[in-house]
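Asker: Here you go, this is upload-v1.csv (CSV, C-alpha atoms).
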```
chain,number,residue,atom,x,y,z
A,79,MET,CA,197.0,80.4,176.3
A,80,SER,CA,195.4,80.6,172.9
A,81,GLN,CA,191.9,81.9,172.2
A,82,LEU,CA,189.3,79.3,171.2
A,83,GLU,CA,187.9,79.9,167.8
A,84,SER,CA,184.2,79.4,167.1
A,85,ASN,CA,182.8,77.5,164.2
A,86,PHE,CA,179.9,79.9,164.2
A,87,ASN,CA,180.4,82.7,161.7
A,88,ARG,CA,177.0,84.2,161.0
A,89,PHE,CA,176.4,87.0,163.5
A,90,VAL,CA,173.7,89.5,163.9
A,91,GLU,CA,175.5,92.6,162.7
A,92,VAL,CA,174.9,95.8,160.8
A,93,GLY,CA,175.2,94.9,157.1
A,94,ARG,CA,174.2,91.2,157.5
A,95,VAL,CA,171.8,90.2,154.7
A,96,VAL,CA,168.8,88.3,156.1
A,97,LEU,CA,166.0,86.2,154.6
A,98,LEU,CA,162.5,87.1,155.9
A,99,LYS,CA,160.6,84.0,157.1
A,100,ALA,CA,157.3,85.6,158.1
A,101,GLY,CA,155.0,88.5,157.2
A,102,PRO,CA,153.9,90.0,153.9
A,103,TYR,CA,157.6,90.1,152.7
A,104,ALA,CA,158.4,86.4,153.5
A,105,GLY,CA,160.9,85.0,151.1
A,106,HIS,CA,162.5,88.5,150.4
A,107,ILE,CA,166.0,89.5,151.5
A,108,ALA,CA,166.9,92.6,153.4
A,109,VAL,CA,169.8,94.1,155.3
A,110,ILE,CA,170.2,94.7,159.0
A,111,VAL,CA,170.6,98.5,159.4
A,112,GLU,CA,170.5,98.9,163.2
A,113,ILE,CA,170.3,96.6,166.2
A,114,ILE,CA,167.5,97.6,168.6
A,115,ASP,CA,167.9,95.0,171.3
A,116,HIS,CA,168.3,91.2,171.8
A,117,ASN,CA,165.0,90.5,170.1
A,118,ARG,CA,164.7,93.0,167.2
A,119,ALA,CA,166.6,94.8,164.5
A,120,ILE,CA,165.8,97.5,162.0
A,121,ILE,CA,165.9,96.0,158.5
A,122,ASP,CA,165.7,97.7,155.1
A,123,GLY,CA,165.5,96.2,151.6
A,124,PRO,CA,165.3,99.1,149.1
A,125,THR,CA,166.3,96.9,146.1
A,126,THR,CA,163.9,94.0,147.0
A,127,GLY,CA,160.9,96.1,148.0
A,128,VAL,CA,161.1,95.5,151.7
A,129,PRO,CA,160.3,98.8,153.6
A,130,ARG,CA,162.4,99.9,156.5
A,131,GLN,CA,161.0,98.4,159.7
A,132,ALA,CA,161.7,96.8,163.0
A,133,PHE,CA,161.7,93.0,162.7
A,134,PRO,CA,162.1,90.2,165.3
A,135,TYR,CA,165.1,87.9,165.0
A,136,ARG,CA,162.9,84.8,165.3
A,137,HIS,CA,161.4,85.7,161.9
A,138,LEU,CA,164.8,86.3,160.2
A,139,THR,CA,167.3,83.8,158.8
A,140,LEU,CA,170.9,85.0,158.6
A,141,THR,CA,172.5,84.4,155.3
A,142,PRO,CA,176.3,84.1,154.7
A,143,LEU,CA,176.2,87.4,152.7
A,144,THR,CA,177.2,90.8,154.3
A,145,VAL,CA,177.3,94.4,153.1
A,146,SER,CA,180.7,95.5,154.1
A,147,LYS,CA,181.3,98.9,155.8
A,148,LEU,CA,177.6,99.8,155.9
A,149,PRO,CA,177.3,102.7,158.4
A,150,ARG,CA,175.0,102.2,161.4
A,151,ASN,CA,171.4,103.5,160.9
A,152,ALA,CA,172.0,104.3,157.3
A,153,GLY,CA,169.1,105.7,155.3
A,154,SER,CA,167.4,103.8,152.5
A,155,GLY,CA,169.4,105.7,149.8
A,156,THR,CA,172.7,104.8,151.4
A,157,VAL,CA,171.7,101.2,151.9
A,158,LYS,CA,170.7,101.0,148.2
A,159,LYS,CA,174.1,102.3,147.1
A,160,TYR,CA,176.0,99.8,149.4
A,161,VAL,CA,173.8,96.9,148.2
A,162,ASP,CA,174.0,97.8,144.5
A,163,LYS,CA,177.7,98.3,144.4
A,164,PRO,CA,178.8,94.7,145.1
A,165,GLY,CA,175.7,93.2,143.5
A,166,ILE,CA,174.3,91.6,146.7
A,167,VAL,CA,171.0,90.6,145.1
A,168,THR,CA,172.7,88.9,142.2
A,169,LYS,CA,175.0,87.1,144.6
A,170,TRP,CA,172.0,85.9,146.6
A,171,GLU,CA,170.2,84.7,143.4
A,172,SER,CA,173.2,82.7,142.3
A,173,THR,CA,173.4,80.8,145.6
A,174,ALA,CA,172.2,77.2,145.8
A,175,TRP,CA,169.9,78.2,148.6
A,176,ALA,CA,168.1,80.8,146.5
A,177,LYS,CA,167.9,78.5,143.5
A,178,LYS,CA,166.3,75.7,145.6
A,179,ARG,CA,163.7,78.2,147.0
A,180,ALA,CA,163.0,79.4,143.4
A,181,ALA,CA,162.6,75.8,142.1
A,182,ALA,CA,160.3,74.8,145.0
A,183,GLY,CA,158.2,77.9,144.4
A,184,LYS,CA,157.9,77.0,140.7
A,185,ARG,CA,156.9,73.4,141.6
A,186,ARG,CA,154.2,74.8,143.9
A,187,THR,CA,152.6,76.7,141.0
A,188,LEU,CA,152.5,73.8,138.5
A,189,SER,CA,149.2,72.6,137.3
A,190,ASP,CA,148.2,68.9,137.3
A,191,PHE,CA,149.0,68.6,133.6
A,192,GLU,CA,152.4,70.2,134.0
A,193,ARG,CA,153.2,67.8,136.9
A,194,PHE,CA,152.3,65.0,134.6
A,195,GLN,CA,154.6,66.3,131.9
A,196,VAL,CA,157.5,66.6,134.4
A,197,MET,CA,156.8,62.9,135.4
A,198,LEU,CA,157.1,61.8,131.8
A,199,HIS,CA,160.3,63.8,131.2
A,200,LYS,CA,161.8,62.1,134.3
A,201,LYS,CA,160.8,58.7,133.1
A,202,SER,CA,162.3,59.2,129.7
A,203,ARG,CA,165.5,60.6,131.2
A,204,ARG,CA,165.7,57.6,133.6
A,205,ASP,CA,165.1,55.2,130.7
A,206,LYS,CA,167.9,56.8,128.6
A,207,VAL,CA,170.4,56.6,131.5
A,208,ARG,CA,169.6,52.9,132.2
A,209,LYS,CA,170.1,52.0,128.5
A,210,VAL,CA,173.4,53.8,128.4
A,211,LEU,CA,174.6,52.1,131.6
A,212,LYS,CA,173.5,48.7,130.2
A,213,ALA,CA,175.4,49.3,127.0
A,214,ALA,CA,178.5,50.4,128.9
A,215,LYS,CA,178.4,47.2,131.0
A,216,ALA,CA,178.0,44.9,127.9
```
Go ahead and express the file in the form of C-alpha cells.
Answerer:
Amino acid sequence: MSQLESNFNRFVEVGRVVLLKAGPYAGHIAVIVEIIDHNRAIIDGPTTGVPRQAFPYRHLTLTPLTVSKLPRNAGSGTVKKYVDKPGIVTKWESTAWAKKRAAAGKRRTLSDFERFQVMLHKKSRRDKVRKVLKAAKA
C-alpha cells in the first residue's frame, strides 16, 4: 500500500520564512526560529528589523521560502548568517508576491495629481495599442 502524498507543502517549521500580517512590523518578513506550541512560534528578523519575539500563527503568512539547516533556537547572529548566505531577502523581493505588495504600497501613497498622471499614461498606452491592432488588421 503506497503512502498518500499531500498537495500541501508549506509547513510551520524552523527556518520557514514568514510574512507578518499584524502588529508594528506588518509587511516585514522574519524566520521561525523555534516552535512554542500549536498557537505561537518565536520569530526573528535580524536583516529586516523585526526583533526576536513570540508571535501567533494567525498573524503570520507562510511563504514558500525556507532557510535550510537552521538550528533550533538559534540566536540572532546565527539567524543573520543563515539568512544572508543564500540571500533570502533578495529572493523574497524578487517574488511576484513581494512585487505586488510593493506596487500596492506605492499606489496607496500617490497624490491626486499623480493618480491623474497615471490615468493619462494608461489612456495613451491603450490608444497606441488600439492603433497598432487596427493597422495590423487592415
Asker: Restricting the calculation to only C-alpha atoms: of A:Val207, A:Leu198, A:Leu188, A:Val92, which residue gets closest to A:Glu112?
Answerer: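 Closest candidate: A:Val92.
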Asker: Give as an NGL selection string each residue that has an atom at most 12 Å from (172.9, 92.2, 162.8) in the file, counting all atoms listed in the file.
Answerer: :A and (88-96 or 108-122 or 133-135 or 138-145 or 148 or 150-151)
Asker: Would you kindly return, as a PyMOL selection string, each protein, DNA or RNA residue with an atom no farther than 12 Å from any atom of A:Pro102, considering all atoms listed in the file and excluding same-chain residues fewer than 2 positions away?
Answerer: chain A and resi 98-100+104-106+127-129+137
Asker: Which value, in Å to one decimal, gives the distance between atom CA of A:Trp175 and atom CA of A:Thr125?
Answerer: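 Separation between atom CA of A:Trp175 and atom CA of A:Thr125: 19.2 Å.
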